[in-house]
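Dumped target.pdb below, it's PDB, C-alpha atoms:
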ATOM      1  CA  MET A  19       0.000   0.000   0.000
ATOM      2  CA  THR A  20       1.309   3.416  -0.948
ATOM      3  CA  ALA A  21       0.002   6.354   1.042
ATOM      4  CA  ARG A  22      -2.226   8.995  -0.507
ATOM      5  CA  ILE A  23      -0.257  12.240  -0.609
ATOM      6  CA  LEU A  24      -1.853  15.113   1.315
ATOM      7  CA  SER A  25      -0.525  18.110  -0.612
ATOM      8  CA  GLY A  26      -0.315  21.316   1.362
ATOM      9  CA  THR A  27       0.379  23.185  -1.870
ATOM     10  CA  ALA A  28      -2.990  22.124  -3.303
ATOM     11  CA  ILE A  29      -4.828  23.180  -0.117
ATOM     12  CA  ARG A  30      -2.965  26.506  -0.134
ATOM     13  CA  ASP A  31      -4.205  27.180  -3.657
ATOM     14  CA  GLN A  32      -7.794  26.392  -2.616
ATOM     15  CA  ILE A  33      -7.659  28.706   0.387
ATOM     16  CA  PHE A  34      -5.937  31.491  -1.556
ATOM     17  CA  SER A  35      -8.747  31.351  -4.122
ATOM     18  CA  GLU A  36     -11.331  31.666  -1.339
ATOM     19  CA  LEU A  37      -9.435  34.463   0.404
ATOM     20  CA  LYS A  38      -9.128  36.480  -2.803
ATOM     21  CA  GLN A  39     -12.901  36.462  -3.145
ATOM     22  CA  GLU A  40     -13.394  37.322   0.514
ATOM     23  CA  VAL A  41     -10.885  40.189   0.415
ATOM     24  CA  ALA A  42     -12.558  41.556  -2.727
ATOM     25  CA  GLN A  43     -15.954  41.466  -1.001
ATOM     26  CA  LEU A  44     -14.607  43.207   2.095
ATOM     27  CA  SER A  45     -12.823  45.813  -0.010
ATOM     28  CA  ALA A  46     -16.082  46.516  -1.833
ATOM     29  CA  HIS A  47     -17.540  47.466   1.567
ATOM     30  CA  GLY A  48     -14.625  49.752   2.374
ATOM     31  CA  LEU A  49     -12.632  47.272   4.468
ATOM     32  CA  ARG A  50      -9.213  46.198   3.250
ATOM     33  CA  PRO A  51      -7.504  43.876   5.716
ATOM     34  CA  GLY A  52      -3.889  44.793   6.370
ATOM     35  CA  LEU A  53      -0.768  43.171   7.833
ATOM     36  CA  ALA A  54       2.146  45.049   9.385
ATOM     37  CA  ALA A  55       5.411  43.097   9.437
ATOM     38  CA  VAL A  56       8.368  44.066  11.609
ATOM     39  CA  LEU A  57      11.784  42.837  10.470
ATOM     40  CA  VAL A  58      14.678  43.811  12.734
ATOM     41  CA  GLY A  59      18.183  43.758  11.260
ATOM     42  CA  ALA A  60      19.333  41.996   8.085
ATOM     43  CA  ASP A  61      19.167  38.253   8.763
ATOM     44  CA  PRO A  62      18.942  36.644   5.284
ATOM     45  CA  ALA A  63      16.529  33.868   6.309
ATOM     46  CA  SER A  64      14.223  36.337   8.064
ATOM     47  CA  GLN A  65      14.320  38.656   5.064
ATOM     48  CA  LEU A  66      13.276  35.776   2.821
ATOM     49  CA  TYR A  67      10.405  34.766   5.119
ATOM     50  CA  VAL A  68       9.062  38.294   5.397
ATOM     51  CA  LYS A  69       9.397  38.865   1.658
ATOM     52  CA  SER A  70       7.246  35.792   0.989
ATOM     53  CA  LYS A  71       4.615  37.006   3.466
ATOM     54  CA  ILE A  72       4.449  40.459   1.887
ATOM     55  CA  ALA A  73       4.197  38.824  -1.552
ATOM     56  CA  ALA A  74       1.267  36.720  -0.336
ATOM     57  CA  CYS A  75      -0.472  39.905   0.862
ATOM     58  CA  GLU A  76      -0.029  41.474  -2.562
ATOM     59  CA  GLU A  77      -1.344  38.350  -4.297
ATOM     60  CA  LEU A  78      -4.501  38.340  -2.187
ATOM     61  CA  GLY A  79      -5.147  42.070  -2.262
ATOM     62  CA  LEU A  80      -4.324  42.710   1.399
ATOM     63  CA  ALA A  81      -2.673  45.933   2.494
ATOM     64  CA  SER A  82       0.811  45.475   3.941
ATOM     65  CA  TRP A  83       3.428  47.542   5.702
ATOM     66  CA  LEU A  84       7.040  46.595   6.390
ATOM     67  CA  HIS A  85       8.935  48.152   9.295
ATOM     68  CA  THR A  86      12.699  47.536   9.294
ATOM     69  CA  PRO A  87      14.353  48.912  12.444
ATOM     70  CA  PRO A  88      18.127  48.416  12.743
ATOM     71  CA  ALA A  89      19.682  45.501  14.633
ATOM     72  CA  THR A  90      20.753  47.958  17.387
ATOM     73  CA  VAL A  91      17.130  48.682  18.338
ATOM     74  CA  SER A  92      16.122  48.606  22.034
ATOM     75  CA  THR A  93      13.254  46.848  23.756
ATOM     76  CA  GLU A  94      11.667  50.204  24.587
ATOM     77  CA  TRP A  95      11.774  51.300  20.941
ATOM     78  CA  MET A  96      10.155  48.055  19.856
ATOM     79  CA  LEU A  97       7.456  48.392  22.503
ATOM     80  CA  GLN A  98       6.645  51.877  21.227
ATOM     81  CA  LEU A  99       6.413  50.589  17.644
ATOM     82  CA  VAL A 100       4.058  47.800  18.732
ATOM     83  CA  SER A 101       1.951  50.336  20.629
ATOM     84  CA  ASP A 102       1.710  52.520  17.518
ATOM     85  CA  LEU A 103       0.631  49.535  15.412
ATOM     86  CA  ASN A 104      -1.905  48.464  18.043
ATOM     87  CA  ASN A 105      -3.454  51.933  17.832
ATOM     88  CA  ASP A 106      -3.462  52.094  14.015
ATOM     89  CA  ASP A 107      -6.959  51.083  12.913
ATOM     90  CA  HIS A 108      -5.761  50.317   9.373
ATOM     91  CA  VAL A 109      -3.583  47.500  10.739
ATOM     92  CA  ASP A 110      -5.441  44.257  11.405
ATOM     93  CA  GLY A 111      -2.474  41.956  11.933
ATOM     94  CA  ILE A 112       0.965  42.476  13.464
ATOM     95  CA  LEU A 113       3.802  40.103  12.651
ATOM     96  CA  ILE A 114       7.049  40.323  14.635
ATOM     97  CA  GLN A 115       9.596  38.272  12.680
ATOM     98  CA  LEU A 116      11.776  36.175  14.953
ATOM     99  CA  PRO A 117      14.494  35.942  16.072
ATOM    100  CA  LEU A 118      14.943  39.415  17.547
ATOM    101  CA  PRO A 119      18.415  40.694  18.543
ATOM    102  CA  LYS A 120      19.737  39.517  21.915
ATOM    103  CA  GLN A 121      19.333  42.909  23.566
ATOM    104  CA  VAL A 122      15.570  42.925  22.827
ATOM    105  CA  ASP A 123      13.224  41.206  25.283
ATOM    106  CA  SER A 124      11.296  39.102  22.766
ATOM    107  CA  LYS A 125       8.718  37.932  25.273
ATOM    108  CA  ARG A 126       7.797  41.476  26.305
ATOM    109  CA  VAL A 127       7.544  42.580  22.693
ATOM    110  CA  LEU A 128       5.385  39.644  21.590
ATOM    111  CA  GLU A 129       3.053  39.937  24.579
ATOM    112  CA  ALA A 130       2.667  43.673  23.896
ATOM    113  CA  VAL A 131       0.910  42.881  20.600
ATOM    114  CA  SER A 132      -2.847  43.299  20.939
ATOM    115  CA  PRO A 133      -4.491  39.835  21.045
ATOM    116  CA  ALA A 134      -6.959  41.127  18.436
ATOM    117  CA  LYS A 135      -4.025  41.682  16.035
ATOM    118  CA  ASP A 136      -1.925  38.659  17.020
ATOM    119  CA  VAL A 137      -2.152  36.846  13.677
ATOM    120  CA  ASP A 138       0.582  34.389  14.704
ATOM    121  CA  GLY A 139      -1.811  33.157  17.403
ATOM    122  CA  PHE A 140       0.938  33.049  20.047
ATOM    123  CA  HIS A 141      -0.477  35.486  22.625
ATOM    124  CA  PRO A 142      -1.530  33.914  25.964
ATOM    125  CA  VAL A 143      -4.995  35.448  25.535
ATOM    126  CA  ASN A 144      -5.466  33.711  22.186
ATOM    127  CA  MET A 145      -4.155  30.464  23.662
ATOM    128  CA  GLY A 146      -6.744  30.849  26.408
ATOM    129  CA  MET A 147      -9.469  31.439  23.841
ATOM    130  CA  LEU A 148      -8.453  28.217  22.126
ATOM    131  CA  VAL A 149      -8.495  26.279  25.395
ATOM    132  CA  SER A 150     -12.068  27.467  26.056
ATOM    133  CA  ASN A 151     -13.079  26.915  22.391
ATOM    134  CA  ARG A 152     -14.009  30.546  21.783
ATOM    135  CA  PRO A 153     -13.512  32.525  18.560
ATOM    136  CA  GLY A 154      -9.951  33.786  18.309
ATOM    137  CA  LEU A 155      -6.739  33.639  16.325
ATOM    138  CA  VAL A 156      -5.158  30.174  16.198
ATOM    139  CA  ALA A 157      -1.448  29.446  15.685
ATOM    140  CA  CYS A 158      -0.872  29.116  11.955
ATOM    141  CA  THR A 159       0.871  25.748  11.665
ATOM    142  CA  PRO A 160      -1.667  23.676  13.643
ATOM    143  CA  ALA A 161      -4.518  25.553  11.967
ATOM    144  CA  GLY A 162      -2.986  24.563   8.628
ATOM    145  CA  CYS A 163      -2.739  20.926   9.728
ATOM    146  CA  MET A 164      -6.465  20.924  10.496
ATOM    147  CA  GLU A 165      -7.249  22.330   7.056
ATOM    148  CA  ILE A 166      -5.197  19.562   5.432
ATOM    149  CA  LEU A 167      -7.121  16.912   7.347
ATOM    150  CA  ARG A 168     -10.563  18.395   6.762
ATOM    151  CA  ARG A 169     -10.165  19.239   3.102
ATOM    152  CA  ASN A 170      -8.860  15.751   2.363
ATOM    153  CA  GLY A 171     -11.841  14.114   4.032
ATOM    154  CA  ILE A 172      -9.875  12.558   6.898
ATOM    155  CA  ALA A 173     -12.364  11.451   9.580
ATOM    156  CA  ILE A 174     -11.484  13.303  12.798
ATOM    157  CA  GLU A 175     -14.555  12.813  14.993
ATOM    158  CA  GLY A 176     -14.094   9.732  17.163
ATOM    159  CA  ALA A 177     -10.602   9.060  15.810
ATOM    160  CA  ASN A 178      -7.656   8.185  18.032
ATOM    161  CA  ALA A 179      -5.231  11.048  17.434
ATOM    162  CA  VAL A 180      -1.644  11.198  18.659
ATOM    163  CA  VAL A 181       0.291  14.472  18.734
ATOM    164  CA  LEU A 182       4.037  13.929  19.033
ATOM    165  CA  GLY A 183       5.427  17.161  20.487
ATOM    166  CA  ARG A 184       4.217  19.602  23.138
ATOM    167  CA  SER A 185       5.454  23.012  22.000
ATOM    168  CA  ASP A 186       3.344  26.108  22.609
ATOM    169  CA  ILE A 187       3.223  26.917  18.890
ATOM    170  CA  VAL A 188       2.408  23.486  17.444
ATOM    171  CA  GLY A 189       1.899  20.555  19.810
ATOM    172  CA  LYS A 190      -0.370  22.114  22.434
ATOM    173  CA  PRO A 191      -2.676  24.046  20.067
ATOM    174  CA  MET A 192      -2.781  21.040  17.706
ATOM    175  CA  SER A 193      -4.020  18.798  20.483
ATOM    176  CA  LEU A 194      -6.716  21.315  21.419
ATOM    177  CA  LEU A 195      -7.929  21.694  17.836
ATOM    178  CA  LEU A 196      -8.232  17.928  17.477
ATOM    179  CA  LEU A 197     -10.003  17.691  20.828
ATOM    180  CA  HIS A 198     -12.507  20.368  19.812
ATOM    181  CA  ALA A 199     -13.108  18.377  16.605
ATOM    182  CA  ASN A 200     -14.118  15.418  18.817
ATOM    183  CA  ALA A 201     -11.013  13.273  18.418
ATOM    184  CA  THR A 202      -9.631  11.295  21.342
ATOM    185  CA  VAL A 203      -6.215  12.888  21.775
ATOM    186  CA  THR A 204      -2.952  11.648  23.274
ATOM    187  CA  VAL A 205      -0.055  14.089  23.561
ATOM    188  CA  CYS A 206       3.390  12.519  23.785
ATOM    189  CA  HIS A 207       6.966  13.721  23.576
ATOM    190  CA  SER A 208      10.603  12.669  23.843
ATOM    191  CA  LYS A 209      10.170  11.608  27.490
ATOM    192  CA  SER A 210       7.057   9.500  26.899
ATOM    193  CA  ARG A 211       7.415   5.788  27.587
ATOM    194  CA  GLU A 212       6.545   3.123  25.023
ATOM    195  CA  LEU A 213       6.269   5.633  22.180
ATOM    196  CA  PRO A 214       6.004   3.046  19.395
ATOM    197  CA  GLU A 215       3.021   1.411  21.125
ATOM    198  CA  ILE A 216       1.287   4.759  21.649
ATOM    199  CA  ILE A 217       1.812   5.785  18.034
ATOM    200  CA  ARG A 218       0.604   2.410  16.679
ATOM    201  CA  ARG A 219      -2.845   3.110  18.150
ATOM    202  CA  ALA A 220      -3.209   6.364  16.221
ATOM    203  CA  ASP A 221      -5.719   6.778  13.415
ATOM    204  CA  ILE A 222      -4.243  10.272  13.016
ATOM    205  CA  LEU A 223      -0.616  11.073  13.837
ATOM    206  CA  VAL A 224       0.734  14.631  13.946
ATOM    207  CA  ALA A 225       4.524  14.530  14.282
ATOM    208  CA  ALA A 226       6.139  17.759  15.506
ATOM    209  CA  ILE A 227       9.193  16.760  17.523
ATOM    210  CA  GLY A 228      11.970  18.217  15.340
ATOM    211  CA  ARG A 229      14.057  15.075  14.719
ATOM    212  CA  ALA A 230      14.653  13.814  11.194
ATOM    213  CA  GLY A 231      13.037  10.456  10.503
ATOM    214  CA  PHE A 232      12.356   9.856  14.193
ATOM    215  CA  VAL A 233       9.034   8.039  13.717
ATOM    216  CA  GLN A 234       9.772   4.666  12.158
ATOM    217  CA  ALA A 235       7.494   3.211   9.489
ATOM    218  CA  GLU A 236       6.724   0.148  11.603
ATOM    219  CA  TRP A 237       5.417   2.386  14.410
ATOM    220  CA  ILE A 238       2.560   3.566  12.219
ATOM    221  CA  LYS A 239      -0.811   1.857  12.130
ATOM    222  CA  PRO A 240      -1.504   0.630   8.579
ATOM    223  CA  GLY A 241      -3.845   3.069   6.898
ATOM    224  CA  ALA A 242      -3.328   5.893   9.414
ATOM    225  CA  ALA A 243      -3.313   9.549   8.372
ATOM    226  CA  VAL A 244       0.077  11.122   9.087
ATOM    227  CA  VAL A 245       0.699  14.871   9.246
ATOM    228  CA  ASP A 246       4.447  15.499   9.321
ATOM    229  CA  VAL A 247       5.237  18.974  10.660
ATOM    230  CA  GLY A 248       9.010  18.443  10.708
ATOM    231  CA  THR A 249      11.351  20.205   8.279
ATOM    232  CA  ASN A 250      14.802  18.995   9.262
ATOM    233  CA  LYS A 251      17.826  19.808   7.108
ATOM    234  CA  VAL A 252      20.013  16.707   6.800
ATOM    235  CA  THR A 253      23.603  17.236   5.644
ATOM    236  CA  ASP A 254      25.331  14.061   6.884
ATOM    237  CA  PRO A 255      25.821  11.549   4.021
ATOM    238  CA  GLY A 256      25.432   8.543   6.310
ATOM    239  CA  GLU A 257      22.184   9.820   7.768
ATOM    240  CA  ALA A 258      20.872  10.653   4.300
ATOM    241  CA  GLN A 259      21.777   7.150   3.070
ATOM    242  CA  ASN A 260      19.904   5.579   5.986
ATOM    243  CA  LEU A 261      16.799   7.711   5.485
ATOM    244  CA  LEU A 262      16.661   7.604   1.694
ATOM    245  CA  ALA A 263      17.957   4.112   0.919
ATOM    246  CA  ARG A 264      14.688   3.267  -0.863
ATOM    247  CA  PHE A 265      14.463   6.624  -2.640
ATOM    248  CA  PRO A 266      17.388   6.723  -5.101
ATOM    249  CA  GLU A 267      16.166   9.867  -6.881
ATOM    250  CA  ARG A 268      16.075  11.849  -3.642
ATOM    251  CA  LEU A 269      19.450  10.427  -2.645
ATOM    252  CA  GLU A 270      20.978  11.583  -5.939
ATOM    253  CA  LYS A 271      19.580  15.059  -5.353
ATOM    254  CA  PHE A 272      21.135  15.039  -1.881
ATOM    255  CA  LYS A 273      24.525  14.110  -3.341
ATOM    256  CA  ALA A 274      24.283  16.951  -5.853
ATOM    257  CA  LYS A 275      23.075  19.558  -3.360
ATOM    258  CA  GLY A 276      24.684  18.375  -0.133
ATOM    259  CA  SER A 277      21.501  18.611   1.897
ATOM    260  CA  VAL A 278      17.914  17.400   1.966
ATOM    261  CA  LEU A 279      14.773  18.243   3.947
ATOM    262  CA  ILE A 280      13.403  15.323   5.938
ATOM    263  CA  GLY A 281      10.321  15.295   8.125
ATOM    264  CA  ASP A 282       9.960  13.865  11.611
ATOM    265  CA  VAL A 283       8.554  10.676  10.056
ATOM    266  CA  HIS A 284      10.852   8.232   8.257
ATOM    267  CA  PRO A 285      10.279   8.414   4.481
ATOM    268  CA  ASP A 286       9.571   4.649   4.412
ATOM    269  CA  ALA A 287       6.223   5.439   6.094
ATOM    270  CA  ILE A 288       4.804   6.053   2.621
ATOM    271  CA  ASP A 289       4.293   2.287   2.401
ATOM    272  CA  THR A 290       2.525   2.028   5.788
ATOM    273  CA  ALA A 291       0.371   5.116   6.190
ATOM    274  CA  GLY A 292      -2.937   5.484   4.401
ATOM    275  CA  ALA A 293      -2.378   9.217   3.860
ATOM    276  CA  LEU A 294       0.750  11.295   4.382
ATOM    277  CA  THR A 295       1.878  14.907   4.048
ATOM    278  CA  PRO A 296       5.106  15.218   2.033
ATOM    279  CA  VAL A 297       8.208  17.102   3.152
ATOM    280  CA  PRO A 298       8.596  19.545   1.571
ATOM    281  CA  GLY A 299       5.214  20.545   0.131
ATOM    282  CA  GLY A 300       2.974  19.417   2.969
ATOM    283  CA  VAL A 301       2.517  21.464   6.128
ATOM    284  CA  GLY A 302       5.091  24.082   5.081
ATOM    285  CA  PRO A 303       2.975  25.970   2.521
ATOM    286  CA  MET A 304       0.086  26.121   4.997
ATOM    287  CA  THR A 305       1.797  28.336   7.574
ATOM    288  CA  ILE A 306       1.823  31.487   5.436
ATOM    289  CA  THR A 307      -1.619  30.522   4.112
ATOM    290  CA  MET A 308      -3.098  30.531   7.602
ATOM    291  CA  LEU A 309      -1.263  33.773   8.438
ATOM    292  CA  MET A 310      -3.176  35.358   5.564
ATOM    293  CA  SER A 311      -6.403  33.711   6.719
ATOM    294  CA  ASN A 312      -5.842  34.991  10.256
ATOM    295  CA  THR A 313      -5.306  38.539   8.966
ATOM    296  CA  VAL A 314      -8.664  38.450   7.194
ATOM    297  CA  LYS A 315     -10.258  36.817  10.242
ATOM    298  CA  ALA A 316      -8.796  39.489  12.550
ATOM    299  CA  ALA A 317     -10.166  42.255  10.331
ATOM    300  CA  LYS A 318     -13.648  40.737  10.554
ATOM    301  CA  LEU A 319     -13.567  39.936  14.262
ATOM    302  CA  ARG A 320     -12.335  43.427  15.158
ATOM    303  CA  ARG A 321     -15.239  44.985  13.273
ATOM    304  CA  GLY A 322     -17.934  42.501  14.198
ATOM    305  CA  TRP A 323     -18.449  41.243  10.654
ATOM    306  CA  PRO A 324     -20.407  38.001  10.048
ATOM    307  CA  ARG A 325     -18.155  35.047  10.814
ATOM    308  CA  SER A 326     -18.733  32.967   7.681
ATOM    309  CA  GLN A 327     -15.093  32.171   6.927
ATOM    310  CA  PRO A 328     -14.436  29.340   4.482
ATOM    311  CA  ALA A 329     -10.740  29.319   5.377
ATOM    312  CA  SER A 330     -11.185  29.406   9.153
ATOM    313  CA  ALA A 331      -9.660  26.746  11.355
ATOM    314  CA  SER A 332     -11.841  27.370  14.393
TER     315      SER A 332
END
Rewrite the structure from the file as structure tokens, please.
Amino acid sequence: MTARILSGTAIRDQIFSELKQEVAQLSAHGLRPGLAAVLVGADPASQLYVKSKIAACEELGLASWLHTPPATVSTEWMLQLVSDLNNDDHVDGILIQLPLPKQVDSKRVLEAVSPAKDVDGFHPVNMGMLVSNRPGLVACTPAGCMEILRRNGIAIEGANAVVLGRSDIVGKPMSLLLLHANATVTVCHSKSRELPEIIRRADILVAAIGRAGFVQAEWIKPGAAVVDVGTNKVTDPGEAQNLLARFPERLEKFKAKGSVLIGDVHPDAIDTAGALTPVPGGVGPMTITMLMSNTVKAAKLRRGWPRSQPASAS
């Protein structure tokens, strides 16, 4: 059995099409959702991430603003900028690109963002809203995982779901979203005992532990749906050979490039799982997608608009 591929790229295209229509409708009523991004310093990876987010705004018709303070900026300066953005009614979403310089208190800056504009879904208030199953802004990666499951017709209600990982930005919100969708949820992590046995009981597995190929194919229940959140860069030839022994084309690409992206689930799982997100091209494209969705959602929630949101994860 070869797993059905759950393409995040295909789901992204569906949601972008829906969001374009929604943004056009809102704009026709004088409301243009807008995202303000803050990029401190000149880190190349951060610049690339922010550039892709601004490009997504342009594609969808959202307003966007980019603030680029120097790497020498202070915590107090950043707090004032966040305050200004909180008070700007044109701004519906605020994105603070991480990491921030060492001299900046990242926690203070992130928690200063208004929960109503916290489109990353990281604020403790939004986490609390998720715990109590109230309308709010949900962390983008787990929200994207839910969209992949739902739009591919994966049965969630009544399913045994295992979330491998307990981070505040993926594992914990993922478990809550599955619980609210009426799954029976087990959260496990690197310290959990008898991990293979726990994972074998899963109808749905969400792997977000950050270790390349950690979940072995034989741990997976035949026919299970597997959402692989991991994006681990492998550069060691021996490790690549072990992970890609049955995938000669990918191994040749590794040899030519010197690196390869591997998820938290061993690639051999494609012959065990019933459905599987690829790496890359699975969960990855959904993070920016749900950031855009959250910006539109924030614009509507802040203004009390009707909550019919085809791209919502709540």
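This file, queried with the PyMOL selection byres ((chain A and resi 112-119) around 8), gives the residues Leu53, Ala54, Ala55, Val56, Leu57, Val58, Gly59, Ser64, Val68, Ala89, Thr90, Leu103, Val109, Asp110, Gly111, Lys120, Gln121, Val122, Ser124, Leu128, Val131, Lys135, Asp136, Val137 and Asp138 of chain A.
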query = For Glu40 in chain A, which residue among A:Val314, A:Val252, A:Val91, A:Leu261 is the nearest when counting only C-alpha atoms?
reply =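 Smallest separation from Glu40 in chain A among the options: A:Val314.
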inquiry  = What's around range 195-201 of chain A at 7 Å? Count only C-alpha atoms, leave out sequence neighbours fewer than 4 positions away in its own chain, and write the answer as an MDAnalysis selection string.
reply    = chainID A and resid 174:179 191
key: Distance in Å - CA of Asp31 in chain A versus CA of Ile72 in chain A   = 16.8 Å
request  = Between A:Asn260, A:Val149, A:Ile217, A:Ser208, single out the one closest to Gly231 in chain A, counting all atoms listed in the file.
outcome  = A:Asn260
query = Excluding same-chain residues fewer than 4 positions from range 94-99 of chain A, what lies within 8 Å of it counting only C-alpha atoms, as a list in words?
reply =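 What passes the distance filter is Leu103, Arg126, Val127 and Ala130 of chain A.
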Near-Ala287 in chain A list (9 Å; all atoms listed in the file; drop same-chain fewer than 6 positions) as a PDB file with C-alpha atoms, in the coordinates of the input:
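Generated output (part.pdb):
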ATOM      1  CA  THR A  20       1.309   3.416  -0.948  1.00  0.00           C
ATOM      2  CA  ALA A  21       0.002   6.354   1.042  1.00  0.00           C
ATOM      3  CA  VAL A 233       9.034   8.039  13.717  1.00  0.00           C
ATOM      4  CA  GLN A 234       9.772   4.666  12.158  1.00  0.00           C
ATOM      5  CA  ALA A 235       7.494   3.211   9.489  1.00  0.00           C
ATOM      6  CA  GLU A 236       6.724   0.148  11.603  1.00  0.00           C
ATOM      7  CA  TRP A 237       5.417   2.386  14.410  1.00  0.00           C
ATOM      8  CA  ILE A 238       2.560   3.566  12.219  1.00  0.00           C
ATOM      9  CA  VAL A 244       0.077  11.122   9.087  1.00  0.00           C
ATOM     10  CA  LEU A 294       0.750  11.295   4.382  1.00  0.00           C
TER      11      LEU A 294
END
query = Using only C-alpha atoms, which residues sit within 8 Å of Pro240 in chain A once same-chain residues fewer than 2 positions away are excluded, as a ChimeraX atom specification?
reply = /A:238,242,290-292
query = What does the distance from CA of Thr159 in chain A to CA of Arg219 in chain A come to in Å, to one decimal?
reply =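 Distance between the two atoms: 23.8 Å.
Atom to atom, CA of Ala316 in chain A and CA of Ala28 in chain A stand 24.2 Å apart.
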Quick one: axis-aligned box around all listed atoms of range 97-110 of chain A, 6 Å on every side, centre and edge lengths in Å to one decimal, written as lines of an AutoDock Vina configuration file.
center_x = 0.2
center_y = 48.4
center_z = 15.9
size_x = 26.4
size_y = 20.3
size_z = 25.1
Interface rows for range 221-271 of chain A against range 302-313 of chain A: nearest pair, Å to one decimal, 12 Å, all atoms listed in the file, as JSON lines:
{"residue": "A:Val245", "atom": "CA", "partner": "A:Gly302", "partner_atom": "CA", "distance": 11.0}
{"residue": "A:Asp246", "atom": "CA", "partner": "A:Gly302", "partner_atom": "CA", "distance": 9.6}
{"residue": "A:Val247", "atom": "CA", "partner": "A:Gly302", "partner_atom": "CA", "distance": 7.6}
{"residue": "A:Gly248", "atom": "CA", "partner": "A:Gly302", "partner_atom": "CA", "distance": 8.9}
{"residue": "A:Thr249", "atom": "CA", "partner": "A:Gly302", "partner_atom": "CA", "distance": 8.0}
{"residue": "A:Asn250", "atom": "CA", "partner": "A:Gly302", "partner_atom": "CA", "distance": 11.7}
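Selection check: the PyMOL selection byres ((chain A and resi 139) around 7) on the shown file gives Asp136, Val137, Asp138, Phe140, His141, Asn144, Leu155, Val156, Ala157 and Cys158 of chain A.
Compared by their closest atoms to Ser132 in chain A, and using all atoms listed in the file, the residues A:Ser150, A:Val100, A:Met145, A:Lys251 rank with A:Val100 nearest.
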